[in-house]
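Next comes entry.txt, with compact mmCIF, C-alpha atoms.
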# COMPACT_ATOMS: atom_id res chain seq x y z
CA MET A 1 21.73 -62.20 21.39
CA ARG A 2 23.26 -58.97 20.06
CA ARG A 3 22.45 -58.38 16.43
CA GLN A 4 25.47 -57.23 14.40
CA ARG A 5 25.18 -54.76 11.54
CA TRP A 6 26.97 -55.43 8.33
CA TRP A 7 28.74 -52.49 6.72
CA GLY A 8 29.19 -53.10 3.06
CA PRO A 9 31.58 -51.19 0.77
CA GLY A 10 28.81 -48.82 -0.34
CA ALA A 11 27.89 -47.91 3.21
CA VAL A 12 31.52 -47.26 4.13
CA ALA A 13 31.87 -44.94 1.15
CA LEU A 14 28.80 -42.95 2.22
CA VAL A 15 30.15 -42.58 5.74
CA MET A 16 33.50 -41.34 4.45
CA LEU A 17 31.78 -38.75 2.23
CA ALA A 18 29.65 -37.53 5.13
CA VAL A 19 32.70 -37.14 7.38
CA ALA A 20 34.55 -35.27 4.65
CA GLY A 21 31.57 -32.94 4.18
CA CYS A 22 31.39 -32.16 7.92
CA SER A 23 35.12 -31.49 8.05
CA SER A 24 34.89 -29.11 5.10
CA ALA A 25 31.95 -27.23 6.66
CA GLU A 26 33.82 -26.85 9.95
CA THR A 27 37.06 -25.56 8.45
CA SER A 28 35.76 -23.25 5.69
CA SER A 29 35.16 -19.58 6.60
CA PRO A 30 31.69 -18.08 6.16
CA PRO A 31 31.33 -15.54 3.36
CA GLU A 32 32.19 -12.03 4.52
CA ASP A 33 29.38 -9.49 4.48
CA LYS A 34 30.55 -6.42 2.63
CA PRO A 35 28.35 -3.32 2.31
CA PRO A 36 28.05 -1.63 -1.10
CA ALA A 37 30.87 0.82 -1.75
CA SER A 38 28.42 3.72 -1.96
CA GLY A 39 26.41 2.56 1.04
CA ARG A 40 23.23 2.74 -1.08
CA ALA A 41 22.62 -0.20 -3.34
CA GLY A 42 21.22 0.89 -6.71
CA ASP A 43 21.96 4.59 -6.28
CA GLU A 44 25.04 6.06 -7.89
CA GLN A 45 26.74 8.76 -5.86
CA ALA A 46 26.81 12.06 -7.74
CA ALA A 47 29.85 14.30 -7.94
CA GLY A 48 29.52 16.83 -5.14
CA GLU A 49 27.62 14.51 -2.81
CA ARG A 50 30.70 14.04 -0.64
CA GLY A 51 30.05 14.83 3.00
CA LEU A 52 26.30 15.24 2.56
CA PRO A 53 24.86 13.24 5.49
CA GLY A 54 21.65 11.30 5.71
CA VAL A 55 20.84 11.00 2.00
CA PRO A 56 18.36 8.10 1.82
CA SER A 57 18.13 5.45 -0.87
CA ALA A 58 15.77 6.13 -3.76
CA ALA A 59 13.36 3.51 -2.42
CA THR A 60 13.28 5.19 1.00
CA ALA A 61 12.86 8.62 -0.58
CA ARG A 62 9.90 7.37 -2.61
CA ARG A 63 8.25 6.07 0.56
CA GLU A 64 8.93 9.35 2.36
CA LEU A 65 7.58 11.34 -0.59
CA SER A 66 4.35 9.36 -0.60
CA GLY A 67 3.89 10.21 3.07
CA LEU A 68 4.33 13.97 2.74
CA LYS A 69 1.26 16.15 3.16
CA VAL A 70 0.26 18.00 0.00
CA ALA A 71 -0.82 21.59 0.60
CA ALA A 72 -0.62 24.99 -1.04
CA HIS A 73 2.16 27.31 0.07
CA ARG A 74 1.35 29.38 3.12
CA SER A 75 1.71 33.14 3.30
CA MET A 76 5.15 34.78 3.45
CA SER A 77 3.73 37.26 5.97
CA GLY A 78 6.13 37.77 8.87
CA TYR A 79 9.06 36.02 7.20
CA SER A 80 12.65 37.19 7.56
CA ARG A 81 15.97 35.33 7.45
CA GLU A 82 16.69 36.65 10.93
CA LYS A 83 14.03 34.25 12.20
CA PHE A 84 16.36 31.41 11.15
CA PRO A 85 19.62 32.34 12.97
CA HIS A 86 22.72 31.10 11.10
CA TRP A 87 25.61 30.38 11.02
CA SER A 88 25.81 29.16 14.61
CA ALA A 89 29.05 28.59 16.54
CA GLN A 90 30.16 24.95 16.43
CA GLY A 91 33.18 25.08 18.76
CA ASP A 92 36.93 25.46 18.11
CA SER A 93 36.29 28.89 16.55
CA CYS A 94 34.26 27.21 13.79
CA ASP A 95 30.78 28.09 12.65
CA THR A 96 28.34 26.03 10.59
CA ARG A 97 29.70 27.27 7.27
CA GLU A 98 33.23 26.16 8.06
CA LYS A 99 32.02 22.77 9.25
CA VAL A 100 30.25 22.19 5.95
CA LEU A 101 33.27 23.30 3.93
CA ALA A 102 35.52 20.94 5.89
CA ARG A 103 33.34 17.87 5.39
CA ALA A 104 32.49 18.58 1.75
CA GLY A 105 36.05 19.10 0.50
CA THR A 106 39.29 17.23 0.26
CA ASP A 107 42.69 18.42 1.50
CA VAL A 108 40.98 21.32 3.27
CA LYS A 109 43.41 23.53 5.20
CA ARG A 110 42.10 25.93 7.83
CA ASN A 111 43.70 28.86 9.62
CA ALA A 112 43.62 29.64 13.34
CA GLU A 113 40.15 31.19 12.94
CA CYS A 114 38.88 27.95 11.32
CA ARG A 115 38.54 29.61 7.91
CA ALA A 116 39.18 27.35 4.92
CA VAL A 117 42.24 28.77 3.15
CA SER A 118 42.69 25.97 0.61
CA GLY A 119 41.11 22.74 -0.50
CA HIS A 120 39.22 21.07 -3.31
CA TRP A 121 35.44 20.96 -3.69
CA THR A 122 32.98 19.73 -6.29
CA SER A 123 29.70 21.63 -6.55
CA LEU A 124 26.77 19.19 -6.63
CA TYR A 125 24.49 21.44 -8.66
CA ASP A 126 26.75 22.05 -11.64
CA GLY A 127 29.68 19.64 -11.16
CA LYS A 128 32.26 22.44 -11.16
CA GLU A 129 35.61 21.92 -9.45
CA ILE A 130 36.47 24.67 -6.96
CA THR A 131 39.73 25.39 -5.14
CA ASP A 132 38.83 28.78 -3.62
CA ALA A 133 36.31 28.60 -0.76
CA SER A 134 35.24 32.19 -1.39
CA GLU A 135 33.55 30.98 -4.60
CA LEU A 136 31.28 28.69 -2.61
CA ASP A 137 27.98 29.33 -0.87
CA ILE A 138 26.53 27.05 1.78
CA ASP A 139 23.10 26.26 0.43
CA HIS A 140 20.07 25.22 2.42
CA MET A 141 18.71 22.29 0.42
CA VAL A 142 15.21 23.34 1.44
CA PRO A 143 15.49 27.14 1.43
CA LEU A 144 14.47 29.02 4.55
CA ALA A 145 11.65 30.87 2.80
CA ASN A 146 10.34 27.62 1.32
CA ALA A 147 10.36 26.06 4.78
CA TRP A 148 8.46 29.09 6.14
CA ARG A 149 5.74 28.62 3.51
CA SER A 150 5.66 24.87 4.24
CA GLY A 151 5.11 24.97 7.99
CA ALA A 152 8.13 26.59 9.66
CA ASP A 153 6.09 29.74 10.26
CA GLY A 154 4.62 27.91 13.25
CA TRP A 155 7.95 26.74 14.71
CA THR A 156 9.78 28.13 17.69
CA GLN A 157 12.88 30.23 17.07
CA ARG A 158 14.99 27.44 18.54
CA LYS A 159 13.68 24.91 16.02
CA ARG A 160 14.23 27.32 13.13
CA GLU A 161 17.84 27.82 14.24
CA ALA A 162 18.34 24.05 14.36
CA PHE A 163 16.92 23.77 10.84
CA ALA A 164 19.18 26.51 9.50
CA ASN A 165 22.28 24.87 10.99
CA ASP A 166 21.41 21.18 10.55
CA LEU A 167 24.64 19.19 10.15
CA THR A 168 22.95 15.81 10.62
CA HIS A 169 20.51 15.68 7.70
CA PRO A 170 21.17 16.52 4.01
CA GLN A 171 20.16 20.16 4.46
CA LEU A 172 23.50 21.96 4.06
CA LEU A 173 25.93 21.65 1.15
CA ALA A 174 28.71 23.65 -0.48
CA VAL A 175 27.87 24.74 -4.04
CA THR A 176 28.99 27.44 -6.44
CA ALA A 177 27.63 30.84 -5.47
CA SER A 178 26.17 31.30 -8.95
CA THR A 179 23.94 28.21 -8.78
CA ASN A 180 22.87 28.92 -5.22
CA ARG A 181 21.78 32.43 -6.10
CA THR A 182 19.99 31.24 -9.22
CA LYS A 183 18.08 28.74 -7.11
CA GLY A 184 17.07 31.34 -4.52
CA ASP A 185 14.06 30.13 -2.53
CA GLN A 186 12.57 28.10 -5.37
CA GLY A 187 11.46 24.51 -5.00
CA PRO A 188 12.19 21.68 -7.46
CA GLU A 189 9.02 22.42 -9.42
CA GLU A 190 10.58 25.80 -10.35
CA TRP A 191 14.33 25.14 -10.32
CA GLN A 192 16.46 22.08 -10.96
CA PRO A 193 20.26 21.73 -10.76
CA PRO A 194 21.91 22.38 -14.16
CA ALA A 195 23.76 19.04 -13.86
CA LYS A 196 21.11 16.39 -14.44
CA THR A 197 23.46 13.80 -12.94
CA SER A 198 22.71 15.40 -9.57
CA TRP A 199 18.92 15.20 -9.83
CA CYS A 200 18.70 11.85 -8.06
CA THR A 201 20.73 13.09 -5.08
CA TYR A 202 18.89 16.42 -5.05
CA ALA A 203 15.45 14.79 -4.99
CA ARG A 204 16.43 12.27 -2.30
CA ALA A 205 17.95 14.96 -0.10
CA TRP A 206 15.07 17.43 -0.55
CA THR A 207 12.51 14.74 0.24
CA ALA A 208 14.45 13.59 3.31
CA VAL A 209 14.58 17.11 4.77
CA LYS A 210 10.88 17.75 4.17
CA SER A 211 10.04 14.39 5.73
CA THR A 212 12.32 14.89 8.75
CA TYR A 213 10.79 18.27 9.56
CA GLU A 214 7.24 17.30 8.53
CA LEU A 215 7.02 20.13 6.02
CA THR A 216 4.36 20.15 3.33
CA VAL A 217 4.85 19.94 -0.43
CA THR A 218 2.76 21.43 -3.20
CA ARG A 219 1.22 19.11 -5.78
CA ALA A 220 3.60 20.39 -8.47
CA GLU A 221 6.57 20.00 -6.13
CA LYS A 222 5.66 16.40 -5.32
CA GLN A 223 5.23 15.55 -9.00
CA LYS A 224 8.61 17.02 -9.92
CA LEU A 225 10.34 15.19 -7.08
CA ASP A 226 8.76 11.96 -8.28
CA ASP A 227 10.04 12.67 -11.80
CA MET A 228 13.54 13.40 -10.52
CA LEU A 229 13.58 10.21 -8.45
CA GLU A 230 13.02 8.33 -11.71
CA THR A 231 16.59 9.27 -12.65
CA CYS A 232 17.85 7.11 -9.76
CA GLY A 233 18.99 3.53 -10.13
CA ARG A 234 16.49 0.86 -9.14
Would you mind giving the structure from this file in structure tokens?
Amino acid sequence: MRRQRWWGPGAVALVMLAVAGCSSAETSSPPEDKPPASGRAGDEQAAGERGLPGVPSAATARRELSGLKVAAHRSMSGYSREKFPHWSAQGDSCDTREKVLARAGTDVKRNAECRAVSGHWTSLYDGKEITDASELDIDHMVPLANAWRSGADGWTQRKREAFANDLTHPQLLAVTASTNRTKGDQGPEEWQPPAKTSWCTYARAWTAVKSTYELTVTRAEKQKLDDMLETCGR
């Protein structure tokens, strides 16, 4: 004999709630994943960082910094800027300098020779607003002479040219000529950007370049980079 189940009022209510819950789950949309506006949670983008590629998060930079080899600077014997050919042709009559100016500025207008004739730029190192490209230098985040003393003396000419024209990593940026020339070939243990708001970006970018190219850091350099990374958001 078939046994019949009895559905009381309480059981019916539970079934109705379960059905309603399933219906709601099927018709509601899943939450949309939205990346942080800056692309780097916890790190505030500094004025002048526009167009600077490959800047890691502070957490990544700290890991990269811990992995860098600490060593004294090598000899400057044999160094010359000519051993780091720049600015290389980049197609469409443009060279590396013009490519950096175009990506770092806003409303940049170029002539038939690809020269920037107008635009608006913010210099990372001092926060100054610039509208005349002739007032800007293209700075090597890790200066060529510093790279030479840190391991580039053993590179091939081809690799040194790639380093001097690197548009993929945070090695090239447009800054005021005055700050670039004050910096010279000094590392962060000797020179820091006048605008302290840029220290976080500067330390992350410097560390990323040294890590990418497996260049060494001095003990004082590593300590100063660690101090500057402390200015970053957690």
Excluding Ala145 in chain A and residues on its chain fewer than 3 positions from it, collect all residues at most 7 Å away from it, counting all atoms listed in the file, and give them as a VMD selection string. chain A and resid 148 to 149 185
Residues within 12 Å of Arg97 in chain A, please, as JSON, numbers by chain. Count only C-alpha atoms; anything in the same chain fewer than 2 positions from it doesn't count. {"A": [86, 87, 88, 89, 90, 93, 94, 95, 99, 100, 101, 102, 103, 104, 114, 115, 116, 133, 134, 136, 137, 138, 139, 140, 164, 165, 166, 167, 172, 173, 174, 175]}
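Put simply, CA of Ala205 in chain A is 15.0 Å away from CA of Ser123 in chain A.
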Within 10 Å of range 56-59 of chain A: each range 168-209 of chain A residue with its shortest pair, all atoms listed in the file, as JSON lines:
{"residue": "A:His169", "atom": "CA", "partner": "A:Pro56", "partner_atom": "CA", "distance": 9.8}
{"residue": "A:Pro170", "atom": "CA", "partner": "A:Pro56", "partner_atom": "CA", "distance": 9.1}
{"residue": "A:Cys200", "atom": "CA", "partner": "A:Ala58", "partner_atom": "CA", "distance": 7.7}
{"residue": "A:Thr201", "atom": "CA", "partner": "A:Ala58", "partner_atom": "CA", "distance": 8.6}
{"residue": "A:Ala203", "atom": "CA", "partner": "A:Ala58", "partner_atom": "CA", "distance": 8.8}
{"residue": "A:Arg204", "atom": "CA", "partner": "A:Pro56", "partner_atom": "CA", "distance": 6.2}
{"residue": "A:Ala205", "atom": "CA", "partner": "A:Pro56", "partner_atom": "CA", "distance": 7.1}
{"residue": "A:Thr207", "atom": "CA", "partner": "A:Pro56", "partner_atom": "CA", "distance": 9.0}
{"residue": "A:Ala208", "atom": "CA", "partner": "A:Pro56", "partner_atom": "CA", "distance": 6.9}
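Taking CA of Thr96 in chain A as the reference point, CA of Gly154 in chain A is found at 23.9 Å.
With all atoms listed in the file as the atoms that count, the residue of A:Val117, A:Ala147, A:Asp126, A:Val55 with the shortest distance to Ser178 in chain A is A:Asp126.
Pairwise distance (CA of Ser150 in chain A, CA of Glu64 in chain A) equals 16.0 Å.
Of the listed residues A:Tyr79, A:Tyr213, A:Tyr125, A:Phe163, the one whose atoms come nearest to Thr197 in chain A is A:Tyr125, with distances taken using all atoms listed in the file.
Nearest to Thr176 in chain A of all the residues A:Gly127, A:Gly91, A:Pro188, A:Gly67 is A:Gly127, based on only C-alpha atoms.
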Once N, CA, C and O atoms are restored for range 130-146 of chain A, what would the output be as a tab-separated table (two decimals), keeping the file's coordinate frame?
chain	number	residue	atom	x	y	z
A	130	ILE	N	36.15	23.40	-7.61
A	130	ILE	CA	36.47	24.67	-6.96
A	130	ILE	C	37.66	24.48	-6.02
A	130	ILE	O	37.73	23.50	-5.28
A	131	THR	N	38.58	25.44	-6.05
A	131	THR	CA	39.73	25.39	-5.14
A	131	THR	C	39.79	26.62	-4.24
A	131	THR	O	40.66	26.70	-3.38
A	132	ASP	N	38.89	27.57	-4.44
A	132	ASP	CA	38.83	28.78	-3.62
A	132	ASP	C	37.49	28.82	-2.88
A	132	ASP	O	36.43	28.95	-3.50
A	133	ALA	N	37.53	28.68	-1.56
A	133	ALA	CA	36.31	28.60	-0.76
A	133	ALA	C	35.43	29.84	-0.89
A	133	ALA	O	34.22	29.77	-0.67
A	134	SER	N	36.03	30.97	-1.25
A	134	SER	CA	35.24	32.19	-1.39
A	134	SER	C	34.26	32.12	-2.55
A	134	SER	O	33.32	32.92	-2.65
A	135	GLU	N	34.44	31.15	-3.46
A	135	GLU	CA	33.55	30.98	-4.60
A	135	GLU	C	32.36	30.08	-4.26
A	135	GLU	O	31.50	29.83	-5.10
A	136	LEU	N	32.33	29.62	-3.02
A	136	LEU	CA	31.28	28.69	-2.61
A	136	LEU	C	30.28	29.35	-1.67
A	136	LEU	O	30.66	30.15	-0.81
A	137	ASP	N	29.03	28.99	-1.83
A	137	ASP	CA	27.98	29.33	-0.87
A	137	ASP	C	27.60	28.05	-0.14
A	137	ASP	O	27.71	26.95	-0.70
A	138	ILE	N	27.13	28.19	1.09
A	138	ILE	CA	26.53	27.05	1.78
A	138	ILE	C	25.03	27.17	1.56
A	138	ILE	O	24.39	28.11	2.04
A	139	ASP	N	24.51	26.23	0.80
A	139	ASP	CA	23.10	26.26	0.43
A	139	ASP	C	22.25	25.47	1.40
A	139	ASP	O	22.66	24.41	1.88
A	140	HIS	N	21.08	25.99	1.70
A	140	HIS	CA	20.07	25.22	2.42
A	140	HIS	C	19.30	24.45	1.36
A	140	HIS	O	18.65	25.05	0.50
A	141	MET	N	19.40	23.12	1.40
A	141	MET	CA	18.71	22.29	0.42
A	141	MET	C	17.26	22.72	0.29
A	141	MET	O	16.77	23.02	-0.80
A	142	VAL	N	16.54	22.74	1.40
A	142	VAL	CA	15.21	23.34	1.44
A	142	VAL	C	15.40	24.77	1.92
A	142	VAL	O	15.74	24.98	3.10
A	143	PRO	N	15.23	25.75	1.05
A	143	PRO	CA	15.49	27.14	1.43
A	143	PRO	C	14.64	27.59	2.62
A	143	PRO	O	13.53	27.06	2.85
A	144	LEU	N	15.15	28.55	3.35
A	144	LEU	CA	14.47	29.02	4.55
A	144	LEU	C	13.08	29.55	4.23
A	144	LEU	O	12.11	29.26	4.96
A	145	ALA	N	12.96	30.31	3.16
A	145	ALA	CA	11.65	30.87	2.80
A	145	ALA	C	10.69	29.77	2.39
A	145	ALA	O	9.48	29.84	2.67
A	146	ASN	N	11.20	28.75	1.71
A	146	ASN	CA	10.34	27.62	1.32
A	146	ASN	C	9.85	26.89	2.56
A	146	ASN	O	8.68	26.50	2.64
